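**Student:** A single structure is presented below for examination.
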Number of protein chains: 2
Amino acid sequence: MTHTRQPDIRRPLTLRDVSEACGVSEMTVSRVLRNREDVSPATREKVQAAARELGYVPNKIAGGLASQQVNLVAVIVPSLSNMVFPEVLAGISAALDETGLQPVFGVTGYSAEKEEEVLYEMLSWRPSGAIIAGLEHTDASRAMLENSGIPIVEIMDSDGVAIDSVVGISHRAAGRQMADAIVAAGYKRIGFLGSTMAADHRARKRLEGLTEGLAEHGLDLVDTELYSGGSALKKGREMTEAILSRNPDLDFLYYSNDMIGAGGLLYCLAKGYDIPNQLGMAGFNGVDFLDGLPMQLATIDACRHEIGVQAANLIAGKDTGGVIGGHRIELTPQLKHGDTIRRA
Amino acid sequence: MTHTRQPDIRRPLTLRDVSEACGVSEMTVSRVLRNREDVSPATREKVQAAARELGYVPNKIAGGLASQQVNLVAVIVPSLSNMVFPEVLAGISAALDETGLQPVFGVTGYSAEKEEEVLYEMLSWRPSGAIIAGLEHTDASRAMLENSGIPIVEIMDSDGVAIDSVVGISHRAAGRQMADAIVAAGYKRIGFLGSTMAADHRARKRLEGLTEGLAEHGLDLVDTELYSGGSALKKGREMTEAILSRNPDLDFLYYSNDMIGAGGLLYCLAKGYDIPNQLGMAGFNGVDFLDGLPMQLATIDACRHEIGVQAANLIAGKDTGGVIGGHRIELTPQLKHGDTIRRA
DNA sequence: CTGAAAGCGCTAACAT
DNA sequence: ATGTTAGCGCTTTCAG
């Protein structure tokens with residue numbers, strides 16, 4: 001009963017506790033815990049032992065305030081509910097791994113107002129950098145980013161003006177590239193299947209690129225089928241059935257993402273369509289489960305992992321030759337024809 | 001040229017700047033910015049205008065240090081590269097949305113050592129709570145969690161002893177439930193397809209539950225096919241081909257996740273297997289893209305979103321009647337037979 | 001190599 | 001309703 005010396009009230013340990021436990025000044029303890037070189041091995045040992053023994057966890061709040069620097073990187077994405085953003089986050093995580101920087105993720109639900117809130121919240125932690133999806137932000141968000149004084153990397157999209165650095169692909173170009181492939185393969189009656197989500201600017205730009213590209217060859221979209229909600233196989237089936245029953249003479253279906261495209265493909269195969277001769281199909285993203293479908297869906301890779309890695313490297317100052325800010329990295333994905341676009 | 005009054009050196013704005021700009025004390029400015037009620041409307045207006053005008057973003061580092069509270073919730077998961085954890089995160093995000101609490105995500109890559117590092121890092125920000133996947137941790141991690149003095153919720157798994165609260169399902173029971181269904185349907189020669197990942201304790205427990213359940217009926221797994229890497233449709237196809245070519249007489253295939261199960265299902269359908277009569281199949285997770293497959297794969301829902309919501313609610317103190325800590329919420333998912341287990 | 005003093009930007013607690 | 005004082009736990013800076 002008497003051998004318990006723990007104070008009843010659980011107060012988080014401080015540097016001072018460690019200092020007292022090992023008889024070394026707080027300052028030196030702090031040096032050891034930050035792995036600074038200028039401490040004698042003997043003292044270092046003593047301090048580390050005491051810290052480990054007590055289970056001391058440093059208080060980064062105090063540390064950040066004192067040092068005016070914080071090893072956090074704010075990462076803001078619209079959603080976690082489809083494959084695409086988690087892959088970007090994985091890329092960021094991986095690239096930041098050995099840098100001492102820590103990613104912190106925020107989700108906006110494709111809402112500009114929510115983005116503004118999340119941004120405000122995250123910037124109030126004074127991170128060392130921020131990575132944010134897209135180039136479209138509210139004026140207030142843009143002002144916050146500009147005034148933050150930290151490196152900002154806008155990702156995914158390169159069609160527009162960046163605040164600071166940008167790493168992405170041109171979705172407009174991707175749309176045009178697809179249009180060219182469709183035209184080259186001789187398809188004429190093209191349907192579009194995508195989301196109603198007005199705030200998905202990248203999907204919108206792809207569609208614009210597609211229609212522009214088709215228009216140059218005198219073609220126009222014959223019909224459009226829209227849905228709301230996340231990408232889903234089942235939606236793809238239903239939408240495909242709907243658009244084909246309205247327009248049985250369509251000869252190409254372009255989907256705004258691979259998931260609904262895959263659903264459509266499974267539907268068409270089940271219905272006995274002759275793919276790609278009677279009907280061509282394509283999606284977007286290059287998600288890797290396409291590899292397991294009975295037939296390879298044509299797609300364009302969105303370079304998700306790579307974008308994450310490169311954005312993180314910019315923040316970490318890797319491969320930038322010491323230059324901070326103002327970088328522009330535009331990746332150029334190849335169109336994969338797969339099995340669903342016929343050869344010319 | 002002369003109209004620019006901006007100081008050349010970009011120093012983040014402080015409360016003091018706002019205070020000077022509007023002629024109100026720092027303290028009152030602070031009150032306004034924290035939406036406290038005890039400020040006159042007139043002053044409030046003045047302060048808000050000044051803050052907005054300047055583009056002031058509060059410094060939560062200083063705030064957190066002064067108030068000794070931080071509105072962050074640490075969330076630690078093994079991976080972001082398959083559907084399951086992003087859905088949990090989405091649930092947490094949603095439940096925390098109006099609480100003033102902010103989730104902060106960390107990823108461990110299924111490594112206990114990495115988990116320890118991430119945990120240390122996150123706890124050093126003194127969050128208001130922590131949500132962490134699984135019940136298996138290093139001793140050091142466990143000690144950190146116990147000493148943190150904040151509510152801890154371990155999620156996904158209820159098979160074991162929790163540090164504080166737990167929200168999850170019994171994976172062992174899920175395995176047994178599947179065994180019962182397999183036996184009840186009269187299948188006899190069962191193959192298992194899963195991951196080699198030893199650190200995936202939940203997959204391991206499901207397998208243990210399955211084998212125990214089968215053993216009670218005198219059955220044993222006929223063969224096992226393992227892979228490494230994330231869940232993927234293509235892997236499922238390849239593994240299925242491999243196990244069936246070794247054992248053409250298998251009559252049931254149990255997959256450790258829906259993704260490889262779906263791959264297997266597509267393979268078997270393409271090969272003309274008579275599902276579920278000649279060959280039964282089942283996966284695990286209840287991911288929603290199963291709805292879009294040509295045939296519904298049998299599965300057990302892992303309640304991912306719900307687990308996220310409930311864990312977040314525990315941290316936020318919702319529905320707990322004021323009781324903090326020590327909650328145990330075990331969800332009981334139903335087995336969905338789908339079209340791939342024959343009716344008895 | 002080690003220590004002492006000052007202060008990071010904010011808020012709790014106490015005046016007024 | 002508003003202001004003043006002190007101090008959160010650490011690190012910077014400067015002395016020894």
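To be explicit about the labels: the chains of the structure tokens are called A, B, and onward in the order shown, and within each one the residues are counted from 1, while ligands get numbers from 1 in the order they are shown.
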Is it possible to get the superposed chain A, fitted on chain B over all Cα pairs by sequence order, as a compact mmCIF listing (two decimals) with C-alpha atoms, in the first residue's frame?

**Tutor:**
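Dumped everything to superposed.txt:
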# COMPACT_ATOMS: atom_id res chain seq x y z
CA MET A 1 4.20 53.36 -54.69
CA THR A 2 3.67 55.06 -51.40
CA HIS A 3 0.33 53.50 -50.72
CA THR A 4 1.72 50.16 -49.67
CA ARG A 5 1.95 49.84 -45.94
CA GLN A 6 2.61 46.13 -45.81
CA PRO A 7 5.73 45.31 -43.87
CA ASP A 8 8.19 43.59 -46.14
CA ILE A 9 8.75 40.67 -43.84
CA ARG A 10 5.74 38.33 -43.81
CA ARG A 11 5.06 37.71 -40.18
CA PRO A 12 1.91 35.80 -39.36
CA LEU A 13 -0.68 38.04 -37.80
CA THR A 14 -1.29 37.88 -34.08
CA LEU A 15 -4.14 38.79 -31.80
CA ARG A 16 -2.23 41.95 -31.04
CA ASP A 17 -2.44 43.04 -34.68
CA VAL A 18 -6.18 42.66 -34.61
CA SER A 19 -6.33 44.36 -31.25
CA GLU A 20 -4.43 47.37 -32.56
CA ALA A 21 -6.44 47.49 -35.73
CA CYS A 22 -9.73 47.82 -33.89
CA GLY A 23 -8.70 49.44 -30.64
CA VAL A 24 -9.99 46.68 -28.42
CA SER A 25 -7.88 44.77 -25.94
CA GLU A 26 -6.36 41.46 -26.99
CA MET A 27 -8.42 39.75 -24.36
CA THR A 28 -11.68 40.96 -25.78
CA VAL A 29 -10.60 40.17 -29.30
CA SER A 30 -9.85 36.66 -28.11
CA ARG A 31 -13.32 36.43 -26.60
CA VAL A 32 -14.98 37.47 -29.82
CA LEU A 33 -12.96 35.06 -31.91
CA ARG A 34 -13.90 32.18 -29.65
CA ASN A 35 -17.57 33.12 -29.93
CA ARG A 36 -17.97 33.80 -26.28
CA GLU A 37 -21.25 35.40 -25.32
CA ASP A 38 -20.05 38.03 -22.92
CA VAL A 39 -19.11 40.70 -25.43
CA SER A 40 -21.28 43.61 -26.49
CA PRO A 41 -22.64 43.40 -30.03
CA ALA A 42 -20.92 46.65 -30.99
CA THR A 43 -17.46 45.49 -29.93
CA ARG A 44 -18.09 42.12 -31.51
CA GLU A 45 -18.86 43.73 -34.85
CA LYS A 46 -15.79 45.89 -34.74
CA VAL A 47 -13.51 43.00 -33.90
CA GLN A 48 -14.96 40.65 -36.49
CA ALA A 49 -14.62 43.28 -39.16
CA ALA A 50 -10.99 43.91 -38.29
CA ALA A 51 -10.15 40.20 -38.15
CA ARG A 52 -11.80 39.53 -41.48
CA GLU A 53 -10.18 42.55 -43.05
CA LEU A 54 -6.71 41.55 -41.97
CA GLY A 55 -7.23 37.90 -42.77
CA TYR A 56 -6.31 36.84 -39.27
CA VAL A 57 -6.07 33.13 -38.63
CA PRO A 58 -5.80 32.27 -34.93
CA ASN A 59 -2.79 30.39 -33.68
CA LYS A 60 -4.09 27.19 -32.15
CA ILE A 61 -0.65 26.27 -30.96
CA ALA A 62 -0.60 29.17 -28.60
CA GLY A 63 -4.27 28.70 -27.80
CA GLY A 64 -3.84 25.04 -27.04
CA LEU A 65 -0.90 25.70 -24.81
CA ALA A 66 -2.72 28.36 -22.86
CA SER A 67 -6.01 26.54 -22.50
CA GLN A 68 -4.52 23.07 -22.14
CA GLN A 69 -7.02 21.71 -24.54
CA VAL A 70 -6.90 20.74 -28.14
CA ASN A 71 -9.88 19.93 -30.35
CA LEU A 72 -8.05 17.18 -32.20
CA VAL A 73 -8.89 13.48 -32.28
CA ALA A 74 -6.06 11.17 -33.27
CA VAL A 75 -7.18 8.40 -35.64
CA ILE A 76 -4.76 5.61 -36.40
CA VAL A 77 -5.39 2.97 -39.07
CA PRO A 78 -3.20 0.38 -40.77
CA SER A 79 -3.78 1.36 -44.36
CA LEU A 80 -5.61 3.53 -46.82
CA SER A 81 -5.12 1.36 -49.86
CA ASN A 82 -8.22 -0.75 -49.67
CA MET A 83 -11.80 0.35 -49.32
CA VAL A 84 -12.22 -0.57 -45.68
CA PHE A 85 -10.40 2.07 -43.71
CA PRO A 86 -11.39 5.06 -45.78
CA GLU A 87 -14.98 4.12 -45.01
CA VAL A 88 -14.24 4.07 -41.30
CA LEU A 89 -12.60 7.46 -41.61
CA ALA A 90 -15.60 8.79 -43.46
CA GLY A 91 -17.81 7.62 -40.60
CA ILE A 92 -15.58 9.32 -38.07
CA SER A 93 -15.47 12.50 -40.11
CA ALA A 94 -19.22 12.60 -40.39
CA ALA A 95 -19.87 11.98 -36.72
CA LEU A 96 -17.32 14.56 -35.61
CA ASP A 97 -18.61 17.13 -38.04
CA GLU A 98 -20.68 19.33 -35.78
CA THR A 99 -18.80 18.67 -32.56
CA GLY A 100 -15.95 21.12 -32.90
CA LEU A 101 -13.59 18.14 -32.85
CA GLN A 102 -11.24 17.52 -35.73
CA PRO A 103 -9.97 14.10 -36.78
CA VAL A 104 -6.29 13.72 -37.58
CA PHE A 105 -5.33 10.56 -39.43
CA GLY A 106 -2.19 8.49 -39.14
CA VAL A 107 -1.25 5.35 -41.07
CA THR A 108 0.80 2.45 -39.76
CA GLY A 109 1.17 0.15 -42.76
CA TYR A 110 0.20 -2.80 -40.54
CA SER A 111 3.45 -2.40 -38.61
CA ALA A 112 3.37 -2.35 -34.83
CA GLU A 113 6.60 -0.35 -34.69
CA LYS A 114 5.29 2.22 -37.10
CA GLU A 115 2.12 2.36 -35.06
CA GLU A 116 4.21 3.16 -32.03
CA GLU A 117 5.94 6.00 -33.85
CA VAL A 118 2.76 7.46 -35.22
CA LEU A 119 1.10 7.21 -31.85
CA TYR A 120 3.98 8.98 -30.12
CA GLU A 121 3.87 11.69 -32.72
CA MET A 122 0.13 12.16 -32.43
CA LEU A 123 -0.08 12.01 -28.67
CA SER A 124 2.58 14.68 -28.51
CA TRP A 125 -0.09 17.03 -29.87
CA ARG A 126 -2.19 16.31 -26.81
CA PRO A 127 -5.38 15.42 -28.66
CA SER A 128 -8.72 15.19 -26.86
CA GLY A 129 -9.10 11.55 -27.74
CA ALA A 130 -7.70 8.73 -29.83
CA ILE A 131 -9.27 6.12 -32.08
CA ILE A 132 -7.02 3.27 -33.06
CA ALA A 133 -7.63 0.17 -35.14
CA GLY A 134 -7.21 -3.17 -33.47
CA LEU A 135 -6.44 -4.45 -30.01
CA GLU A 136 -2.89 -5.60 -30.61
CA HIS A 137 -0.22 -3.04 -29.81
CA THR A 138 3.34 -3.02 -28.56
CA ASP A 139 3.81 -2.68 -24.81
CA ALA A 140 5.15 0.81 -25.32
CA SER A 141 2.10 1.80 -27.38
CA ARG A 142 -0.20 0.40 -24.76
CA ALA A 143 1.64 2.29 -22.03
CA MET A 144 1.42 5.54 -23.98
CA LEU A 145 -2.30 5.10 -24.47
CA GLU A 146 -2.88 4.24 -20.83
CA ASN A 147 -0.86 7.17 -19.60
CA SER A 148 -2.28 9.65 -22.06
CA GLY A 149 -5.18 10.52 -19.82
CA ILE A 150 -7.52 10.87 -22.81
CA PRO A 151 -10.38 8.64 -23.95
CA ILE A 152 -9.13 5.83 -26.19
CA VAL A 153 -11.36 3.85 -28.53
CA GLU A 154 -10.00 0.72 -30.13
CA ILE A 155 -12.01 -0.15 -33.21
CA MET A 156 -12.85 -2.88 -35.74
CA ASP A 157 -12.24 -5.81 -33.45
CA SER A 158 -13.89 -6.92 -30.22
CA ASP A 159 -11.97 -10.16 -29.67
CA GLY A 160 -9.71 -9.27 -26.78
CA VAL A 161 -9.10 -6.91 -23.92
CA ALA A 162 -9.51 -3.22 -24.54
CA ILE A 163 -7.41 -0.47 -23.03
CA ASP A 164 -10.41 1.77 -22.55
CA SER A 165 -13.39 1.64 -24.91
CA VAL A 166 -13.91 -0.62 -27.90
CA VAL A 167 -16.23 -0.54 -30.91
CA GLY A 168 -16.11 -3.44 -33.31
CA ILE A 169 -17.27 -6.84 -34.36
CA SER A 170 -16.01 -10.24 -33.38
CA HIS A 171 -14.02 -11.52 -36.31
CA ARG A 172 -13.73 -14.89 -34.68
CA ALA A 173 -17.52 -15.08 -34.49
CA ALA A 174 -17.74 -13.97 -38.10
CA GLY A 175 -15.48 -16.87 -39.06
CA ARG A 176 -17.61 -19.33 -37.10
CA GLN A 177 -20.78 -17.92 -38.57
CA MET A 178 -19.39 -18.52 -42.02
CA ALA A 179 -18.34 -22.04 -41.04
CA ASP A 180 -21.87 -22.76 -39.87
CA ALA A 181 -23.35 -21.50 -43.11
CA ILE A 182 -20.93 -23.58 -45.15
CA VAL A 183 -21.67 -26.71 -43.17
CA ALA A 184 -25.42 -26.09 -43.23
CA ALA A 185 -25.32 -25.80 -46.99
CA GLY A 186 -23.62 -29.16 -47.19
CA TYR A 187 -20.24 -28.14 -48.57
CA LYS A 188 -17.44 -30.49 -47.56
CA ARG A 189 -14.22 -29.65 -49.34
CA ILE A 190 -13.30 -26.12 -48.42
CA GLY A 191 -10.42 -23.99 -49.59
CA PHE A 192 -9.17 -20.76 -48.01
CA LEU A 193 -7.73 -17.84 -49.94
CA GLY A 194 -6.17 -14.98 -48.07
CA SER A 195 -3.21 -12.85 -47.29
CA THR A 196 0.12 -13.85 -45.85
CA MET A 197 0.07 -10.72 -43.75
CA ALA A 198 0.72 -11.95 -40.22
CA ALA A 199 -0.01 -8.53 -38.80
CA ASP A 200 -3.59 -8.52 -40.04
CA HIS A 201 -4.97 -9.83 -36.79
CA ARG A 202 -8.57 -9.51 -37.82
CA ALA A 203 -8.11 -11.68 -40.90
CA ARG A 204 -6.27 -14.16 -38.71
CA LYS A 205 -9.11 -14.29 -36.20
CA ARG A 206 -11.66 -14.84 -38.95
CA LEU A 207 -9.63 -17.74 -40.22
CA GLU A 208 -9.32 -19.18 -36.74
CA GLY A 209 -13.05 -18.86 -36.21
CA LEU A 210 -13.65 -20.57 -39.53
CA THR A 211 -11.36 -23.51 -38.85
CA GLU A 212 -12.72 -23.96 -35.34
CA GLY A 213 -16.25 -23.90 -36.65
CA LEU A 214 -15.46 -26.41 -39.37
CA ALA A 215 -13.58 -28.65 -36.94
CA GLU A 216 -16.65 -28.95 -34.78
CA HIS A 217 -18.33 -30.63 -37.70
CA GLY A 218 -15.37 -32.80 -38.44
CA LEU A 219 -14.26 -30.70 -41.37
CA ASP A 220 -10.89 -29.25 -42.13
CA LEU A 221 -9.56 -26.86 -44.75
CA VAL A 222 -8.48 -28.84 -47.76
CA ASP A 223 -6.11 -26.27 -49.13
CA THR A 224 -4.92 -22.72 -48.64
CA GLU A 225 -3.74 -20.13 -51.13
CA LEU A 226 -1.95 -17.07 -49.81
CA TYR A 227 -0.77 -13.84 -51.37
CA SER A 228 0.89 -10.68 -50.26
CA GLY A 229 -0.07 -7.15 -51.08
CA GLY A 230 -3.33 -5.28 -50.99
CA SER A 231 -6.66 -6.73 -51.95
CA ALA A 232 -7.10 -6.88 -55.68
CA LEU A 233 -9.46 -8.39 -58.19
CA LYS A 234 -6.66 -9.77 -60.29
CA LYS A 235 -5.03 -11.51 -57.37
CA GLY A 236 -8.34 -13.15 -56.67
CA ARG A 237 -8.51 -14.57 -60.19
CA GLU A 238 -4.97 -15.88 -60.09
CA MET A 239 -5.29 -17.42 -56.67
CA THR A 240 -8.55 -19.06 -57.57
CA GLU A 241 -7.10 -20.57 -60.70
CA ALA A 242 -4.14 -21.84 -58.69
CA ILE A 243 -6.11 -23.45 -55.90
CA LEU A 244 -8.66 -25.00 -58.24
CA SER A 245 -6.02 -26.47 -60.47
CA ARG A 246 -4.38 -28.06 -57.45
CA ASN A 247 -7.72 -29.26 -56.07
CA PRO A 248 -10.37 -29.54 -58.75
CA ASP A 249 -12.70 -31.21 -56.29
CA LEU A 250 -13.05 -28.25 -53.91
CA ASP A 251 -16.67 -27.32 -53.39
CA PHE A 252 -16.27 -24.09 -51.42
CA LEU A 253 -13.87 -21.16 -51.54
CA TYR A 254 -13.62 -18.78 -48.61
CA TYR A 255 -11.80 -15.51 -49.28
CA SER A 256 -10.42 -13.25 -46.59
CA ASN A 257 -11.83 -10.18 -48.32
CA ASP A 258 -14.47 -9.31 -50.87
CA MET A 259 -12.05 -7.90 -53.42
CA ILE A 260 -10.20 -11.15 -54.01
CA GLY A 261 -13.51 -12.94 -53.63
CA ALA A 262 -14.99 -10.85 -56.41
CA GLY A 263 -11.98 -11.64 -58.60
CA GLY A 264 -12.48 -15.31 -57.88
CA LEU A 265 -16.17 -15.08 -58.66
CA LEU A 266 -15.55 -13.42 -62.01
CA TYR A 267 -13.00 -16.10 -62.79
CA CYS A 268 -15.31 -18.96 -61.90
CA LEU A 269 -18.21 -17.51 -63.84
CA ALA A 270 -16.00 -17.13 -66.89
CA LYS A 271 -14.84 -20.72 -66.53
CA GLY A 272 -18.41 -21.90 -66.41
CA TYR A 273 -18.48 -23.22 -62.87
CA ASP A 274 -21.98 -23.83 -61.59
CA ILE A 275 -22.19 -21.41 -58.68
CA PRO A 276 -23.41 -22.12 -56.00
CA ASN A 277 -24.20 -25.77 -56.69
CA GLN A 278 -20.92 -27.13 -57.91
CA LEU A 279 -18.91 -24.51 -56.03
CA GLY A 280 -19.84 -22.14 -53.22
CA MET A 281 -17.98 -18.90 -52.49
CA ALA A 282 -17.83 -16.22 -49.84
CA GLY A 283 -15.83 -13.14 -48.94
CA PHE A 284 -15.75 -10.67 -46.11
CA ASN A 285 -16.44 -6.96 -45.60
CA GLY A 286 -19.69 -6.27 -47.38
CA VAL A 287 -18.19 -3.66 -49.67
CA ASP A 288 -20.86 -2.10 -51.78
CA PHE A 289 -19.45 -2.79 -55.20
CA LEU A 290 -20.49 -6.39 -54.71
CA ASP A 291 -23.93 -5.13 -55.67
CA GLY A 292 -22.73 -4.59 -59.20
CA LEU A 293 -21.25 -8.02 -59.84
CA PRO A 294 -23.06 -10.47 -62.11
CA MET A 295 -23.86 -12.52 -59.04
CA GLN A 296 -24.00 -11.51 -55.37
CA LEU A 297 -21.01 -12.79 -53.45
CA ALA A 298 -21.84 -14.10 -49.97
CA THR A 299 -20.22 -11.94 -47.34
CA ILE A 300 -20.36 -10.57 -43.83
CA ASP A 301 -20.55 -6.85 -43.37
CA ALA A 302 -17.70 -5.40 -41.31
CA CYS A 303 -19.87 -2.41 -40.34
CA ARG A 304 -17.10 -0.02 -41.28
CA HIS A 305 -19.00 3.24 -41.46
CA GLU A 306 -21.03 2.45 -38.37
CA ILE A 307 -17.93 1.62 -36.37
CA GLY A 308 -16.44 4.97 -37.31
CA VAL A 309 -19.57 6.81 -36.28
CA GLN A 310 -19.91 5.06 -32.95
CA ALA A 311 -16.26 5.45 -32.06
CA ALA A 312 -16.40 9.14 -32.83
CA ASN A 313 -19.56 9.51 -30.76
CA LEU A 314 -17.82 7.94 -27.78
CA ILE A 315 -14.99 10.43 -28.06
CA ALA A 316 -17.39 13.31 -28.51
CA GLY A 317 -19.36 12.14 -25.49
CA LYS A 318 -22.57 11.72 -27.47
CA ASP A 319 -25.07 9.15 -26.24
CA THR A 320 -22.88 8.14 -23.35
CA GLY A 321 -24.93 9.76 -20.65
CA GLY A 322 -21.90 11.64 -19.50
CA VAL A 323 -19.93 8.49 -18.78
CA ILE A 324 -16.40 8.77 -20.09
CA GLY A 325 -14.43 5.70 -21.04
CA GLY A 326 -14.83 1.98 -20.61
CA HIS A 327 -17.54 1.48 -23.19
CA ARG A 328 -17.85 -1.73 -25.11
CA ILE A 329 -19.89 -1.74 -28.29
CA GLU A 330 -19.96 -5.01 -30.15
CA LEU A 331 -21.85 -4.90 -33.41
CA THR A 332 -23.27 -8.14 -34.75
CA PRO A 333 -23.27 -8.28 -38.53
CA GLN A 334 -25.60 -10.60 -40.41
CA LEU A 335 -24.23 -13.02 -42.92
CA LYS A 336 -25.52 -12.23 -46.39
CA HIS A 337 -25.89 -15.41 -48.39
CA GLY A 338 -26.10 -13.64 -51.71
CA ASP A 339 -26.12 -16.02 -54.66
CA THR A 340 -22.98 -17.95 -53.94
CA ILE A 341 -24.02 -20.23 -51.09
CA ARG A 342 -26.65 -22.77 -51.99
CA ARG A 343 -29.78 -22.99 -49.90
CA ALA A 344 -29.99 -26.03 -47.62

**Student:** DSSP on the backbone, then: every residue of segment 89-197 of chain A marked strand (DSSP E), written as a VMD selection string.

**Tutor:** chain A and resid 102 to 107 129 to 133 152 to 157 165 to 169 190 to 195

**Student:** Give me the chain C side of the contact with chain B, cut-off 9 Å, one line per residue showing its nearest atom pair and distance in Å at one decimal, counting only C-alpha atoms (C1' of nucleotides), sorted by chain and residue number, as CSV.

**Tutor:**
residue,atom,partner,partner_atom,distance
C:DC8,C1',B:Ala62,CA,7.9
C:DG9,C1',B:Ala62,CA,4.9
C:DC10,C1',B:Gly63,CA,4.6
C:DT11,C1',B:Ala66,CA,5.3
C:DA12,C1',B:Ser67,CA,7.3

**Student:** Quick one: distance from atom C1' of DG7 of chain C to atom C1' of DG3 of chain D in Å, one decimal?

**Tutor:**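 Interatomic distance here is 21.8 Å.
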
**Student:** Between atom C1' of DG3 of chain C and atom C1' of DG9 of chain D, what is the spacing in Å?

**Tutor:** 17.5 Å

**Student:** Find the residues of chain D that sit at most 10 Å from chain A; for each, write down the nearest two atoms and how far apart they are in Å, to one decimal. Count only C-alpha atoms (C1' of nucleotides). Sort by chain, then by number going up, and give it as a tab-separated table.

**Tutor:**
residue	atom	partner	partner_atom	distance
D:DC8	C1'	A:Ala62	CA	7.9
D:DG9	C1'	A:Ala62	CA	4.9
D:DC10	C1'	A:Gly63	CA	4.6
D:DT11	C1'	A:Ala66	CA	5.1
D:DT12	C1'	A:Ser67	CA	7.3

**Student:** Filtering to C-alpha atoms (C1' of nucleotides), could you give me those residues as a PDB file, in the first residue's frame?

**Tutor:**
ATOM      1  C1'  DC D   8       0.830  27.186 -20.189  1.00  0.00           C
ATOM      2  C1'  DG D   9       5.784  23.881 -21.527  1.00  0.00           C
ATOM      3  C1'  DC D  10       8.888  24.331 -24.309  1.00  0.00           C
ATOM      4  C1'  DT D  11      13.098  26.372 -27.121  1.00  0.00           C
ATOM      5  C1'  DT D  12      16.000  30.345 -28.398  1.00  0.00           C
TER       6       DT D  12
END

**Student:** Contacts of DT4 of chain D at 10 Å or less, counting only C-alpha atoms (C1' of nucleotides), minus same-chain residues fewer than 2 places along, as a tab-separated table (two decimals) with N, CA and C atoms (P, O5', C5', C4', C3', O3' and C1' of nucleotides), in the first residue's frame?

**Tutor:**
chain	number	residue	atom	x	y	z
B	27	MET	N	-7.71	40.55	-25.07
B	27	MET	CA	-8.57	39.61	-24.38
B	27	MET	C	-9.97	39.59	-24.99
C	14	DC	P	-9.71	32.83	-9.47
C	14	DC	O5'	-9.54	34.41	-9.32
C	14	DC	C5'	-8.23	34.95	-9.39
C	14	DC	C4'	-8.29	36.35	-9.93
C	14	DC	C3'	-9.24	37.27	-9.15
C	14	DC	O3'	-8.47	38.24	-8.48
C	14	DC	C1'	-9.34	37.64	-11.50
C	15	DA	P	-9.26	39.23	-7.48
C	15	DA	O5'	-10.21	40.02	-8.49
C	15	DA	C5'	-10.46	41.36	-8.23
C	15	DA	C4'	-9.57	42.22	-9.10
C	15	DA	C3'	-10.13	43.64	-9.19
C	15	DA	O3'	-9.12	44.61	-9.19
C	15	DA	C1'	-10.30	42.53	-11.31
C	16	DT	P	-9.61	46.06	-8.53
C	16	DT	O5'	-10.59	46.68	-9.64
C	16	DT	C5'	-10.05	47.17	-10.85
C	16	DT	C4'	-11.18	47.38	-11.84
C	16	DT	C3'	-12.28	48.30	-11.33
C	16	DT	O3'	-12.17	49.55	-12.02
C	16	DT	C1'	-13.10	46.47	-12.61
D	6	DA	P	1.46	39.76	-12.32
D	6	DA	O5'	1.29	38.21	-12.66
D	6	DA	C5'	0.23	37.48	-12.03
D	6	DA	C4'	0.07	36.15	-12.73
D	6	DA	C3'	1.41	35.42	-12.95
D	6	DA	O3'	1.20	34.10	-12.51
D	6	DA	C1'	0.21	35.57	-14.99

**Student:** Please, which residues of segment 140-189 of chain A, numbered as in this document, come out helix (DSSP H, G or I) from DSSP, as a ChimeraX atom specification?

**Tutor:** /A:140-147,171-184

**Student:** Print the selection's residues with C-alpha atoms to a file, as a short mmCIF file (atom, residue, chain, number, x, y, z; two decimals), in the first residue's frame.

**Tutor:**
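Saved to part-v9.cif:
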data_model
loop_
_atom_site.label_atom_id
_atom_site.label_comp_id
_atom_site.auth_asym_id
_atom_site.auth_seq_id
_atom_site.Cartn_x
_atom_site.Cartn_y
_atom_site.Cartn_z
CA ALA A 140 -11.36 33.66 -48.61
CA SER A 141 -9.60 30.30 -48.97
CA ARG A 142 -7.30 31.71 -51.59
CA ALA A 143 -6.48 34.68 -49.36
CA MET A 144 -5.73 32.41 -46.41
CA LEU A 145 -3.40 30.31 -48.52
CA GLU A 146 -1.64 33.33 -49.96
CA ASN A 147 -1.18 34.93 -46.57
CA HIS A 171 -8.10 16.91 -67.29
CA ARG A 172 -9.12 18.95 -70.27
CA ALA A 173 -6.30 17.38 -72.26
CA ALA A 174 -7.33 13.96 -71.00
CA GLY A 175 -10.84 14.60 -72.34
CA ARG A 176 -9.47 15.67 -75.72
CA GLN A 177 -7.15 12.71 -75.84
CA MET A 178 -10.11 10.43 -75.32
CA ALA A 179 -12.07 12.28 -77.99
CA ASP A 180 -9.23 11.76 -80.43
CA ALA A 181 -9.08 8.06 -79.69
CA ILE A 182 -12.82 7.71 -80.11
CA VAL A 183 -12.80 9.54 -83.42
CA ALA A 184 -9.74 7.65 -84.66
#

**Student:** Please provide as number ranges by chain all residues within 12 Å of DC14 of chain D, with the sequence filter that same-chain residues fewer than 4 positions apart are discarded (counting only C-alpha atoms (C1' of nucleotides)).

**Tutor:** C: 3-6
